[in-house]
>>> print(open('structure-v8.txt').read())   # compact mmCIF, C-alpha atoms and all ligand atoms
# COMPACT_ATOMS: atom_id res chain seq x y z
CA MET Q 26 22.11 38.25 98.63
CA LYS Q 27 19.13 39.34 96.61
CA LYS Q 28 19.83 39.82 92.91
CA LYS Q 29 19.44 43.37 91.62
CA ILE Q 30 17.34 43.82 88.51
CA VAL Q 31 17.58 47.33 87.08
CA VAL Q 32 15.14 48.36 84.34
CA LEU Q 33 15.73 51.47 82.23
CA GLY Q 34 12.58 53.18 80.94
CA GLY Q 35 9.12 53.59 82.45
CA SER Q 36 6.92 52.88 79.47
CA PHE Q 37 5.45 49.85 77.68
CA GLY Q 38 8.62 47.78 77.86
CA GLY Q 39 10.16 48.92 81.13
CA LEU Q 40 7.01 48.75 83.24
CA THR Q 41 5.96 45.36 81.86
CA ALA Q 42 9.43 43.87 82.39
CA ALA Q 43 9.70 45.22 85.95
CA LEU Q 44 6.22 44.03 86.98
CA GLU Q 45 6.78 40.62 85.41
CA VAL Q 46 10.18 39.97 87.03
CA LYS Q 47 8.74 40.96 90.40
CA ARG Q 48 5.67 38.78 89.84
CA LEU Q 49 7.82 35.79 88.88
CA MET Q 50 10.58 36.16 91.49
CA GLY Q 51 8.92 38.03 94.38
CA ALA Q 52 11.13 38.63 97.41
CA LYS Q 53 14.12 36.88 95.79
CA VAL Q 54 14.92 40.01 93.76
CA ASP Q 55 15.21 43.78 94.18
CA VAL Q 56 13.70 45.48 91.15
CA THR Q 57 14.41 49.15 90.36
CA VAL Q 58 13.08 51.18 87.44
CA ILE Q 59 15.06 54.24 86.36
CA SER Q 60 13.21 56.53 83.98
CA ALA Q 61 13.66 60.04 82.64
CA ASP Q 62 9.87 60.56 82.76
CA LYS Q 63 7.85 60.27 85.96
CA ASP Q 64 4.68 59.50 83.99
CA PHE Q 65 3.58 56.70 81.72
CA VAL Q 66 1.73 58.04 78.67
CA PHE Q 67 -0.46 55.79 76.54
CA LEU Q 68 1.20 56.98 73.33
CA PRO Q 69 -1.31 55.37 70.90
CA SER Q 70 -3.91 57.92 72.08
CA LEU Q 71 -1.77 60.99 71.35
CA PRO Q 72 -3.44 61.55 67.95
CA TRP Q 73 -6.78 61.76 69.82
CA LEU Q 74 -5.26 64.25 72.26
CA ILE Q 75 -4.05 66.39 69.35
CA LEU Q 76 -7.53 66.47 67.83
CA GLY Q 77 -9.15 67.23 71.17
CA SER Q 78 -10.96 64.03 72.17
CA ARG Q 79 -8.54 63.19 75.04
CA ARG Q 80 -7.06 65.28 77.86
CA GLN Q 81 -3.57 64.72 79.21
CA ALA Q 82 -4.95 63.23 82.45
CA ASP Q 83 -7.06 60.67 80.52
CA ILE Q 84 -4.01 58.85 79.17
CA THR Q 85 -1.33 59.44 81.83
CA LEU Q 86 -0.41 57.35 84.90
CA GLY Q 87 2.26 58.09 87.53
CA VAL Q 88 5.06 55.51 87.28
CA ALA Q 89 5.68 55.54 91.06
CA ASP Q 90 1.96 54.90 91.69
CA ILE Q 91 2.16 51.75 89.56
CA LEU Q 92 5.45 50.40 90.87
CA GLU Q 93 5.80 51.30 94.53
CA PRO Q 94 2.71 49.44 95.84
CA ARG Q 95 4.19 46.32 94.20
CA GLY Q 96 7.54 46.61 95.95
CA ILE Q 97 9.42 47.99 92.95
CA ALA Q 98 11.62 51.06 93.48
CA PHE Q 99 11.32 54.00 91.08
CA ILE Q 100 14.11 56.47 90.41
CA HIS Q 101 13.26 59.51 88.34
CA GLU Q 102 16.66 60.16 86.75
CA THR Q 103 18.23 60.05 83.30
CA VAL Q 104 20.77 57.39 82.41
CA GLN Q 105 24.00 58.90 81.13
CA ALA Q 106 26.01 55.69 80.64
CA VAL Q 107 26.04 51.94 81.14
CA LYS Q 108 29.30 50.32 82.32
CA PRO Q 109 28.78 46.64 81.48
CA ASP Q 110 32.21 45.59 82.77
CA GLU Q 111 31.53 47.12 86.18
CA LEU Q 112 27.81 46.11 86.17
CA LYS Q 113 26.77 49.71 86.80
CA VAL Q 114 24.39 52.28 85.39
CA CYS Q 115 25.29 55.98 85.76
CA THR Q 116 22.69 58.72 85.94
CA GLU Q 117 23.21 62.46 86.37
CA LYS Q 118 23.17 61.87 90.16
CA GLN Q 119 24.78 58.54 91.00
CA GLU Q 120 25.72 54.99 89.99
CA TYR Q 121 23.45 51.98 90.40
CA PRO Q 122 24.81 48.41 90.47
CA TYR Q 123 22.91 45.64 88.71
CA ASP Q 124 23.03 41.88 88.22
CA TYR Q 125 20.57 42.01 85.31
CA LEU Q 126 19.76 45.08 83.23
CA VAL Q 127 16.70 45.54 81.00
CA ILE Q 128 16.93 48.45 78.55
CA SER Q 129 13.68 49.88 77.19
CA THR Q 130 14.61 53.51 76.68
CA GLY Q 131 12.74 53.96 73.37
CA PRO Q 132 13.96 56.27 70.61
CA HIS Q 133 15.99 59.44 70.48
CA LEU Q 134 14.03 61.65 68.06
CA SER Q 135 16.93 62.73 65.92
CA CYS Q 136 15.52 66.02 64.57
CA GLU Q 137 19.03 67.50 64.43
CA GLU Q 138 19.73 65.39 61.30
CA ILE Q 139 17.43 67.56 59.16
CA PRO Q 140 17.68 71.38 59.39
CA GLY Q 141 14.35 72.98 60.31
CA LEU Q 142 12.81 69.69 61.46
CA SER Q 143 11.80 70.04 65.10
CA PRO Q 144 8.92 71.06 67.34
CA ASP Q 145 11.49 72.88 69.52
CA LYS Q 146 13.88 74.63 67.17
CA GLY Q 147 12.25 74.13 63.78
CA TYR Q 148 8.95 74.30 61.94
CA THR Q 149 7.48 70.79 62.18
CA HIS Q 150 5.46 68.97 64.79
CA CYS Q 151 5.30 65.30 65.78
CA THR Q 152 3.33 62.93 68.02
CA PHE Q 153 6.00 61.03 69.95
CA THR Q 154 5.83 62.62 73.39
CA MET Q 155 3.14 64.28 75.48
CA ASP Q 156 4.87 67.68 75.22
CA TYR Q 157 5.09 67.46 71.44
CA ALA Q 158 1.48 66.30 71.20
CA LEU Q 159 0.34 69.29 73.30
CA LYS Q 160 2.24 71.61 70.95
CA SER Q 161 0.69 69.83 67.97
CA ARG Q 162 -2.76 70.38 69.45
CA GLU Q 163 -2.15 74.14 69.58
CA ALA Q 164 -0.91 74.08 65.99
CA TRP Q 165 -4.05 72.13 64.92
CA LYS Q 166 -6.30 74.70 66.64
CA LYS Q 167 -4.49 77.51 64.80
CA LEU Q 168 -4.94 75.70 61.51
CA LEU Q 169 -8.68 75.47 62.10
CA GLU Q 170 -8.78 79.25 62.61
CA ASN Q 171 -6.57 79.94 59.61
CA PRO Q 172 -6.78 76.98 57.19
CA GLY Q 173 -4.02 75.93 54.77
CA PRO Q 174 -2.11 72.88 53.54
CA ILE Q 175 -1.28 70.01 55.92
CA VAL Q 176 1.66 67.65 55.38
CA LEU Q 177 1.82 64.42 57.41
CA GLY Q 178 4.30 61.55 57.21
CA SER Q 179 7.82 60.44 57.94
CA THR Q 180 11.40 61.39 57.21
CA GLN Q 181 14.23 59.08 56.18
CA LEU Q 182 15.21 56.63 58.96
CA ALA Q 183 11.92 57.07 60.81
CA SER Q 184 10.57 53.81 62.16
CA CYS Q 185 7.01 54.55 63.22
CA PHE Q 186 4.47 55.20 60.48
CA GLY Q 187 1.04 54.23 61.81
CA PRO Q 188 0.25 57.44 63.74
CA TYR Q 189 0.71 59.61 60.64
CA TYR Q 190 -1.69 57.48 58.61
CA GLU Q 191 -4.12 57.81 61.52
CA LEU Q 192 -3.68 61.58 61.64
CA ALA Q 193 -4.34 61.82 57.89
CA PHE Q 194 -7.65 59.96 58.27
CA GLU Q 195 -8.62 61.73 61.51
CA MET Q 196 -7.83 65.23 60.25
CA ASP Q 197 -9.68 64.54 57.01
CA TYR Q 198 -12.71 63.39 59.03
CA GLU Q 199 -12.62 66.39 61.42
CA LEU Q 200 -12.26 68.86 58.56
CA ARG Q 201 -15.21 67.34 56.67
CA LYS Q 202 -17.35 67.53 59.83
CA ARG Q 203 -16.52 71.26 60.01
CA LYS Q 204 -17.19 71.68 56.24
CA MET Q 205 -13.61 72.91 55.84
CA ARG Q 206 -11.96 70.10 53.95
CA HIS Q 207 -11.96 72.04 50.64
CA LYS Q 208 -9.80 74.72 52.29
CA VAL Q 209 -7.14 72.25 53.51
CA PRO Q 210 -5.14 70.18 51.00
CA ILE Q 211 -3.67 67.13 52.80
CA THR Q 212 -0.43 65.48 51.62
CA TYR Q 213 1.01 62.25 53.00
CA LEU Q 214 4.79 62.52 52.48
CA SER Q 215 6.91 59.49 53.36
CA SER Q 216 10.25 57.75 53.15
CA GLU Q 217 8.35 54.48 52.61
CA PRO Q 218 8.81 53.12 49.06
CA TYR Q 219 5.04 52.86 48.65
CA LEU Q 220 1.93 53.63 50.63
CA GLY Q 221 1.27 51.03 53.33
CA HIS Q 222 4.87 49.72 53.43
CA MET Q 223 5.15 50.80 57.09
CA GLY Q 224 8.79 49.71 57.35
CA VAL Q 225 7.83 46.03 57.16
CA GLY Q 226 7.19 45.51 53.44
CA GLY Q 227 3.43 46.06 53.87
CA LEU Q 228 0.79 44.03 55.71
CA GLY Q 229 -1.69 42.04 53.68
CA MET Q 230 -3.21 44.32 51.05
CA SER Q 231 -2.12 47.48 52.90
CA ARG Q 232 -0.70 49.10 49.75
CA ARG Q 233 -3.86 48.76 47.68
CA PHE Q 234 -6.06 49.47 50.69
CA LEU Q 235 -4.32 52.76 51.58
CA GLU Q 236 -4.01 53.85 47.94
CA ASP Q 237 -7.76 53.38 47.50
CA GLU Q 238 -8.66 55.09 50.79
CA PHE Q 239 -6.37 58.06 50.18
CA ALA Q 240 -7.66 58.42 46.58
CA ARG Q 241 -11.25 58.33 47.88
CA LEU Q 242 -10.50 61.03 50.44
CA ASP Q 243 -8.37 63.14 48.07
CA ILE Q 244 -5.23 62.81 50.20
CA LYS Q 245 -2.22 63.40 47.95
CA THR Q 246 0.69 60.97 48.31
CA ILE Q 247 4.43 61.47 47.87
CA THR Q 248 6.48 58.36 48.71
CA SER Q 249 10.15 57.29 48.59
CA GLN Q 250 11.35 60.78 49.47
CA ALA Q 251 14.12 61.98 51.73
CA ILE Q 252 13.95 65.49 53.15
CA ASP Q 253 16.90 67.91 52.85
CA GLU Q 254 15.54 70.67 55.04
CA VAL Q 255 12.40 72.34 56.29
CA ALA Q 256 11.78 76.08 55.88
CA PRO Q 257 9.02 77.96 57.77
CA ASP Q 258 6.44 77.24 55.07
CA GLU Q 259 7.85 74.50 52.82
CA ILE Q 260 9.57 71.12 52.94
CA ARG Q 261 12.55 70.81 50.60
CA LEU Q 262 12.95 67.29 49.24
CA ALA Q 263 16.29 65.64 48.50
CA GLY Q 264 15.06 65.04 44.94
CA GLY Q 265 14.59 68.79 44.40
CA GLY Q 266 10.82 69.25 44.94
CA LYS Q 267 9.16 71.53 47.47
CA VAL Q 268 6.00 70.82 49.46
CA PRO Q 269 4.24 73.87 50.97
CA PHE Q 270 2.54 73.61 54.37
CA LYS Q 271 0.79 75.53 57.07
CA LEU Q 272 0.92 72.54 59.44
CA ALA Q 273 3.57 69.81 59.04
CA MET Q 274 3.74 66.77 61.31
CA LEU Q 275 6.61 64.43 60.46
CA ALA Q 276 8.18 61.45 62.22
CA PRO Q 277 11.89 62.34 62.60
CA PRO Q 278 14.78 59.92 62.08
CA PHE Q 279 15.06 57.48 65.00
CA LYS Q 280 18.22 56.67 66.95
CA GLY Q 281 18.96 54.92 70.22
CA VAL Q 282 19.14 57.24 73.26
CA ALA Q 283 22.58 58.60 74.16
CA GLY Q 284 22.93 56.96 77.61
CA VAL Q 285 22.74 53.42 76.22
CA ALA Q 286 23.83 53.91 72.60
CA SER Q 287 27.41 52.73 73.29
CA LEU Q 288 26.02 49.18 73.60
CA GLY Q 289 24.44 49.39 70.17
CA ASN Q 290 25.00 49.69 66.42
CA PRO Q 291 26.10 52.94 64.71
CA ARG Q 292 22.56 54.36 65.17
CA GLY Q 293 22.52 53.35 68.82
CA PHE Q 294 20.02 50.47 68.58
CA ILE Q 295 21.11 47.56 70.75
CA PRO Q 296 21.41 44.04 69.29
CA ALA Q 297 19.79 41.06 71.00
CA ASP Q 298 19.90 37.30 70.52
CA ASN Q 299 16.84 35.03 70.33
CA TYR Q 300 16.41 35.32 74.10
CA TYR Q 301 16.58 39.15 74.11
CA ARG Q 302 20.09 39.10 75.56
CA HIS Q 303 22.87 41.37 74.37
CA PRO Q 304 25.26 39.16 72.33
CA GLU Q 305 28.30 40.22 74.40
CA HIS Q 306 26.71 40.93 77.78
CA SER Q 307 24.28 38.13 78.50
CA ASN Q 308 22.85 39.85 81.60
CA ILE Q 309 21.69 42.85 79.51
CA TYR Q 310 18.27 42.59 77.83
CA PRO Q 311 17.45 45.29 75.22
CA ILE Q 312 13.75 45.38 74.31
CA GLY Q 313 11.21 47.58 72.51
CA VAL Q 314 12.24 50.49 70.35
CA ALA Q 315 15.75 50.44 71.89
CA MET Q 316 16.42 47.00 70.37
CA ALA Q 317 17.98 46.65 66.89
CA LEU Q 318 15.78 44.95 64.30
CA ALA Q 319 17.06 44.81 60.71
CA PRO Q 320 14.64 45.91 57.94
CA PRO Q 321 13.20 43.05 55.86
CA GLU Q 322 14.54 44.63 52.64
CA PRO Q 323 16.63 47.66 51.70
CA THR Q 324 14.43 50.57 50.59
CA PRO Q 325 15.57 53.34 48.18
CA VAL Q 326 15.19 55.83 51.05
CA PRO Q 327 16.16 54.20 54.36
CA THR Q 328 13.29 53.30 56.69
CA GLY Q 329 13.33 51.54 60.07
CA VAL Q 330 11.24 48.63 61.39
CA PRO Q 331 8.56 49.79 63.85
CA LYS Q 332 8.61 48.08 67.22
CA THR Q 333 5.04 48.54 68.31
CA GLY Q 334 3.68 48.61 71.85
CA PHE Q 335 2.17 45.17 71.22
CA MET Q 336 5.59 43.79 70.24
CA THR Q 337 7.35 45.64 73.05
CA VAL Q 338 5.10 44.12 75.71
CA ARG Q 339 5.76 40.64 74.28
CA MET Q 340 9.52 41.29 74.33
CA ALA Q 341 9.32 42.56 77.93
CA LYS Q 342 7.50 39.44 79.08
CA ALA Q 343 10.00 37.19 77.32
CA ALA Q 344 12.97 39.09 78.78
CA ALA Q 345 11.46 38.91 82.31
CA ALA Q 346 10.74 35.18 81.93
CA ASN Q 347 14.32 34.59 80.79
CA ILE Q 348 15.81 36.55 83.69
CA ALA Q 349 13.68 34.45 86.07
CA ALA Q 350 14.70 31.24 84.25
CA ASP Q 351 18.38 32.19 84.40
CA LEU Q 352 18.14 32.90 88.13
CA GLU Q 353 16.47 29.54 88.74
CA ASN Q 354 18.80 27.64 86.38
CA HIS Q 355 15.96 26.76 84.03
CA ALA Q 356 16.18 26.70 80.23
CA LEU Q 357 15.62 30.08 78.55
CA VAL Q 358 12.73 30.52 76.15
CA SER Q 359 13.20 31.90 72.63
CA GLU Q 360 10.43 34.34 71.64
CA LYS Q 361 11.99 36.17 68.73
CA GLU Q 362 9.28 35.37 66.15
CA LEU Q 363 6.93 38.18 67.05
CA SER Q 364 3.63 38.96 65.46
CA VAL Q 365 1.88 42.31 65.39
CA VAL Q 366 -1.74 43.34 65.87
CA CYS Q 367 -2.58 47.02 65.39
CA LEU Q 368 -5.74 49.09 65.27
CA MET Q 369 -5.45 52.12 62.98
CA ASP Q 370 -8.03 54.84 63.58
CA MET Q 371 -9.64 56.10 60.37
CA GLY Q 372 -11.99 58.77 61.72
CA ARG Q 373 -15.46 57.22 61.79
CA THR Q 374 -14.10 53.68 61.42
CA ALA Q 375 -10.76 51.94 62.04
CA ALA Q 376 -8.69 49.16 60.50
CA LEU Q 377 -7.42 46.01 62.17
CA MET Q 378 -3.95 45.09 60.90
CA VAL Q 379 -2.36 41.73 61.61
CA ALA Q 380 1.07 40.45 60.56
CA ASP Q 381 2.32 37.10 61.80
CA PRO Q 382 5.28 37.13 61.98
CA VAL Q 383 6.08 40.84 61.75
CA LEU Q 384 8.58 40.46 58.92
CA PRO Q 385 7.77 38.65 55.66
CA PRO Q 386 7.39 35.89 54.51
CA ARG Q 387 4.39 35.43 56.78
CA GLN Q 388 1.93 32.82 57.83
CA ARG Q 389 -0.90 35.37 58.14
CA SER Q 390 -1.24 39.02 57.24
CA TYR Q 391 -4.29 41.16 56.61
CA ILE Q 392 -5.94 44.55 57.00
CA LYS Q 393 -9.66 44.90 57.63
CA LYS Q 394 -11.73 48.09 57.95
CA ALA Q 395 -14.78 48.09 60.26
CA VAL Q 396 -16.77 50.29 62.64
CA TRP Q 397 -16.27 47.68 65.40
CA ALA Q 398 -12.49 48.19 65.05
CA LYS Q 399 -12.99 51.80 66.18
CA TRP Q 400 -14.75 50.60 69.32
CA ALA Q 401 -12.09 47.94 69.84
CA LYS Q 402 -9.45 50.70 69.75
CA VAL Q 403 -11.29 52.75 72.38
CA LEU Q 404 -11.81 49.68 74.58
CA PHE Q 405 -8.18 48.65 74.24
CA GLU Q 406 -7.01 52.03 75.55
CA LYS Q 407 -9.25 51.67 78.64
CA TYR Q 408 -8.19 48.04 79.14
CA PHE Q 409 -4.46 48.74 78.88
CA LEU Q 410 -4.57 51.67 81.29
CA TRP Q 411 -6.64 49.63 83.77
CA LYS Q 412 -4.25 46.69 83.48
CA LEU Q 413 -1.18 48.85 84.06
CA ARG Q 414 -2.72 50.91 86.88
CA HIS Q 415 -3.32 47.65 88.77
CA GLY Q 416 0.00 46.06 87.79
CA TYR Q 417 -1.69 43.11 86.06
CA SER Q 418 1.28 42.46 83.76
CA ARG Q 419 0.33 38.80 83.47
CA LEU Q 420 -2.77 39.64 81.39
CA PRO Q 421 -2.43 39.79 77.59
C1 LIG O 501 1.48 58.34 68.46
C2 LIG O 501 1.83 56.88 68.63
C3 LIG O 501 0.89 55.91 68.35
C4 LIG O 501 1.17 54.56 68.53
N1 LIG O 501 0.21 53.64 68.28
C5 LIG O 501 0.47 52.34 68.55
C6 LIG O 501 -0.56 51.35 68.40
O1 LIG O 501 -1.69 51.67 68.01
N2 LIG O 501 -0.27 50.06 68.69
C7 LIG O 501 0.98 49.69 69.14
O2 LIG O 501 1.18 48.51 69.40
N3 LIG O 501 1.96 50.60 69.27
C8 LIG O 501 1.74 51.91 68.99
N4 LIG O 501 2.73 52.83 69.15
C9 LIG O 501 4.07 52.39 69.49
C10 LIG O 501 4.30 52.24 70.98
O3 LIG O 501 3.90 53.40 71.66
C11 LIG O 501 5.77 51.95 71.20
O4 LIG O 501 6.05 50.72 70.60
C12 LIG O 501 6.13 51.87 72.66
O5 LIG O 501 5.93 53.11 73.27
C13 LIG O 501 7.56 51.42 72.84
O6 LIG O 501 7.81 51.27 74.20
P1 LIG O 501 9.30 51.36 74.77
O7 LIG O 501 9.21 50.94 76.19
O8 LIG O 501 10.23 50.64 73.86
O9 LIG O 501 9.73 52.90 74.63
P2 LIG O 501 9.01 54.27 74.94
O10 LIG O 501 7.54 54.14 75.04
O11 LIG O 501 9.55 55.23 73.95
O12 LIG O 501 9.54 54.67 76.39
C14 LIG O 501 10.87 54.96 76.64
C15 LIG O 501 11.05 55.18 78.14
O13 LIG O 501 12.43 55.33 78.43
C16 LIG O 501 12.63 56.52 79.18
N5 LIG O 501 13.97 57.03 78.83
C17 LIG O 501 14.41 57.50 77.65
N6 LIG O 501 15.71 57.83 77.74
C18 LIG O 501 16.08 57.56 79.01
C19 LIG O 501 17.29 57.69 79.72
N7 LIG O 501 18.43 58.17 79.16
N8 LIG O 501 17.31 57.34 81.03
C20 LIG O 501 16.21 56.86 81.66
N9 LIG O 501 15.03 56.72 81.02
C21 LIG O 501 14.97 57.05 79.71
C22 LIG O 501 11.50 57.43 78.78
O14 LIG O 501 11.28 58.41 79.78
C23 LIG O 501 10.34 56.43 78.65
O15 LIG O 501 9.81 56.16 79.91
C24 LIG O 501 2.46 54.20 68.96
C25 LIG O 501 3.44 55.17 69.22
C26 LIG O 501 3.11 56.51 69.06
C27 LIG O 501 4.17 57.55 69.38
>>> encode(input="structure-v8.txt", output="structure tokens")
Amino acid sequence: MKKKIVVLGGSFGGLTAALEVKRLMGAKVDVTVISADKDFVFLPSLPWLILGSRRQADITLGVADILEPRGIAFIHETVQAVKPDELKVCTEKQEYPYDYLVISTGPHLSCEEIPGLSPDKGYTHCTFTMDYALKSREAWKKLLENPGPIVLGSTQLASCFGPYYELAFEMDYELRKRKMRHKVPITYLSSEPYLGHMGVGGLGMSRRFLEDEFARLDIKTITSQAIDEVAPDEIRLAGGGKVPFKLAMLAPPFKGVAGVASLGNPRGFIPADNYYRHPEHSNIYPIGVAMALAPPEPTPVPTGVPKTGFMTVRMAKAAAANIAADLENHALVSEKELSVVCLMDMGRTAALMVADPVLPPRQRSYIKKAVWAKWAKVLFEKYFLWKLRHGYSRLP
């Protein structure tokens, strides 16, 4: 009987893992992807969509269009529970048996932890989904018509910081082009203990680099802050201060998604060993944002470790290779020492950030600003979408 590989999530991790297992094992396996979204969105380009240089169609691919021509089944449903003892996944419609399960369900954006924080029921925006980015774009257009203070950054327990640095640089650049910057104070407000910490203790000279850049651009900084609540026009800090805004975009606290959280730690992130296997259920492979990764150091206000797309794709390839190795009775490969390469847009230029490994102490770590980095970021978007559209998961 063919082994059943079920993959949860149709994004960076899920699609890469599914394509790789199928590439490695071919007709010996049945691969099924279950995802709550029928589209893949190239999330790193959402800040560009918010500011108007991308349309939804430019950065979206249909998951079925990627998978089905390669013999991988796609089920557009939401996972409600995993039953590891019965080797089953339950969605709102039915149960699916598995021999191996890959979990790449990303984060639950836990806005409910902070009153008033939410693009749906509150007063803040964020960049983490296409819907939220489209709402943010409308809010940005309104701000241009009726200028006022912008606040960008992250709440306690957020674990993705890069996009809000990018938005600070990009909004500053757009406002200067429109000769409006003097009407829009920009504040970067963060749970990070210092600028450039990014949940990983900084990369290279990121602290000094970002302090200098923000000082040069007159972007005010408030770090090491937790948020108590958000009112329609001000953010109330746990320390007692208030930050007024007309547009606030904040990364919410992250949690694991409800359907898989029972396999994880108290915040629902799922532990994995050096082979990306769940410590108690060795046929379950948590990867990407869904996987638990302990912070390198405690911070006064809790922050999470970002699991970038770059890291997630590496994890997905390692998990797929290990499933194939296990099926063929070969030795598994440990790939837990991940590095990270990121391109941060800065308006006219961009910065290349490298950390190897992700968590300190490191062999290599630097940040470098250049115009070519901006072009590299644009080219990478085109390359990644081309690669995924054609199912070339083998490529870097
Ligand atoms: C604005 C922005 C900019 C970024 N920039 C960069 C960058 O420049 N470089 C970089 O390397 N990384 C970047 N990242 C990070 C990168 O996008 C993430 O690391 C990556 O998306 C993680 O992939 P994932 O598969 O773990 O989860 P996600 O991309 O979050 O996908 C989760 C998937 O699971 C599905 N799902 C969720 N719950 C369920 C459920 N219950 N049942 C079934 N399916 C479910 C979702 O529909 C989705 O398909 C950025 C992220 C954002 C938001």
>>> atom_distance(input="structure-v8.txt", atom1="atom CA of Q:Gly39", atom2="atom CA of Q:Ala52")
19.3 Å
>>> closest_residue(input="structure-v8.txt", among="Q:Glu353, Q:Glu191, Q:Glu138, Q:Glu93", to="ligand LIG 501 (chain O)", atoms="all atoms listed in the file")
Q:Glu191
>>> residues_around(input="structure-v8.txt", residues="stretch 81-85 of chain Q", least_positions_apart="3", cutoff="7 Å", atoms="all atoms listed in the file", output="count of residues only")
4
>>> closest_atom_pairs(input="structure-v8.txt", of="chain Q", to="ligand LIG 501 (chain O)", cutoff="6 Å", atoms="all atoms listed in the file", output="tab-separated table")
residue	atom	partner	partner_atom	distance
Q:Leu33	CA	O:LIG501	N9	5.4
Q:Gly34	CA	O:LIG501	O13	3.3
Q:Gly35	CA	O:LIG501	O15	3.7
Q:Ser36	CA	O:LIG501	O15	4.4
Q:Phe37	CA	O:LIG501	O7	4.2
Q:Gly38	CA	O:LIG501	O7	3.6
Q:Gly39	CA	O:LIG501	O7	5.4
Q:Ile59	CA	O:LIG501	C20	5.5
Q:Ser60	CA	O:LIG501	N9	3.5
Q:Ala61	CA	O:LIG501	N9	3.9
Q:Asp62	CA	O:LIG501	O14	3.9
Q:Leu68	CA	O:LIG501	C26	4.7
Q:Pro69	CA	O:LIG501	C3	3.4
Q:Leu71	CA	O:LIG501	C1	5.1
Q:Pro72	CA	O:LIG501	C1	5.9
Q:Thr103	CA	O:LIG501	N8	3.7
Q:Val104	CA	O:LIG501	N8	3.7
Q:Gln105	CA	O:LIG501	N7	6.0
Q:Ser129	CA	O:LIG501	O7	4.7
Q:Thr130	CA	O:LIG501	O13	3.3
Q:Gly131	CA	O:LIG501	O9	3.4
Q:Pro132	CA	O:LIG501	O11	5.6
Q:Thr152	CA	O:LIG501	C1	5.0
Q:Phe153	CA	O:LIG501	C27	4.0
Q:Pro188	CA	O:LIG501	C3	4.9
Q:Val282	CA	O:LIG501	N6	5.7
Q:Gly284	CA	O:LIG501	N7	4.9
Q:Gly313	CA	O:LIG501	O8	3.5
Q:Val314	CA	O:LIG501	O8	4.0
Q:Ala315	CA	O:LIG501	O8	5.9
Q:Lys332	CA	O:LIG501	O4	5.0
Q:Thr333	CA	O:LIG501	O4	3.3
Q:Gly334	CA	O:LIG501	O4	3.4
Q:Phe335	CA	O:LIG501	O2	3.9
Q:Thr337	CA	O:LIG501	O6	5.8
Q:Cys367	CA	O:LIG501	N2	5.0
Q:Leu368	CA	O:LIG501	O1	5.5
>>> closest_atom_pairs(input="structure-v8.txt", of="stretch 280-355 of chain Q", to="stretch 162-184 of chain Q", cutoff="12 Å", atoms="all atoms listed in the file", output="tab-separated table")
residue	atom	partner	partner_atom	distance
Q:Lys280	CA	Q:Leu182	CA	8.5
Q:Gly281	CA	Q:Ser184	CA	11.7
Q:Arg292	CA	Q:Leu182	CA	9.9
Q:Phe294	CA	Q:Ser184	CA	11.9
Q:Val314	CA	Q:Ser184	CA	9.0
Q:Ala315	CA	Q:Ser184	CA	11.5
Q:Ala317	CA	Q:Ser184	CA	11.3
Q:Leu318	CA	Q:Ser184	CA	10.5
Q:Ala319	CA	Q:Ser184	CA	11.2
Q:Pro320	CA	Q:Ser184	CA	9.8
Q:Pro323	CA	Q:Leu182	CA	11.6
Q:Thr324	CA	Q:Gln181	CA	10.2
Q:Pro325	CA	Q:Gln181	CA	9.9
Q:Val326	CA	Q:Gln181	CA	6.1
Q:Pro327	CA	Q:Leu182	CA	5.3
Q:Thr328	CA	Q:Leu182	CA	4.5
Q:Gly329	CA	Q:Ser184	CA	4.1
Q:Val330	CA	Q:Ser184	CA	5.3
Q:Pro331	CA	Q:Ser184	CA	4.8
Q:Lys332	CA	Q:Ser184	CA	7.9
Q:Thr333	CA	Q:Ser184	CA	9.8
>>> atom_distance(input="structure-v8.txt", atom1="atom CA of Q:Arg373", atom2="atom CA of Q:Val396")
7.1 Å
>>> atom_distance(input="structure-v8.txt", atom1="atom CA of Q:Arg80", atom2="atom CA of Q:Ala376")
23.7 Å
>>> closest_residue(input="structure-v8.txt", among="Q:Ser307, Q:Gly227, Q:Gln250, Q:Asp243", to="Q:Ser390", atoms="only C-alpha atoms")
Q:Gly227
>>> closest_residue(input="structure-v8.txt", among="Q:Ser70, Q:Thr154, Q:Lys113, Q:Pro94", to="Q:His133", atoms="all atoms listed in the file")
Q:Thr154
>>> closest_residue(input="structure-v8.txt", among="Q:Asp258, Q:Ser231, Q:Ser359, Q:Trp411", to="Q:Ile392", atoms="only C-alpha atoms")
Q:Ser231
>>> closest_residue(input="structure-v8.txt", among="Q:Asp370, Q:Val338, Q:Pro382, Q:Tyr189", to="Q:Leu420", atoms="only C-alpha atoms")
Q:Val338
>>> residues_around(input="structure-v8.txt", residues="Q:Lys28", least_positions_apart="2", cutoff="12 Å", atoms="only C-alpha atoms", output="PyMOL selection string")
chain Q and resi 26+30-31+46-47+50-57+122-126+308+348-349+351-353
>>> residues_around(input="structure-v8.txt", residues="Q:Met369", least_positions_apart="3", cutoff="10 Å", atoms="all atoms listed in the file", output="list of chain:residue names")
Q:Pro69, Q:Gly187, Q:Pro188, Q:Tyr189, Q:Tyr190, Q:Glu191, Q:Leu192, Q:Phe194, Q:Val366, Q:Gly372, Q:Thr374, Q:Ala375, Q:Ala376, Q:Leu377, Q:Met378, Q:Ile392, Q:Lys393, Q:Lys394, Q:Ala398, Q:Lys399, Q:Lys402
>>> residues_near_point(input="structure-v8.txt", point="(20.3, 38.9, 76.0)", cutoff="10 Å", atoms="all atoms listed in the file", output="PyMOL selection string")
chain Q and resi 125-127+296-312+344+347-348
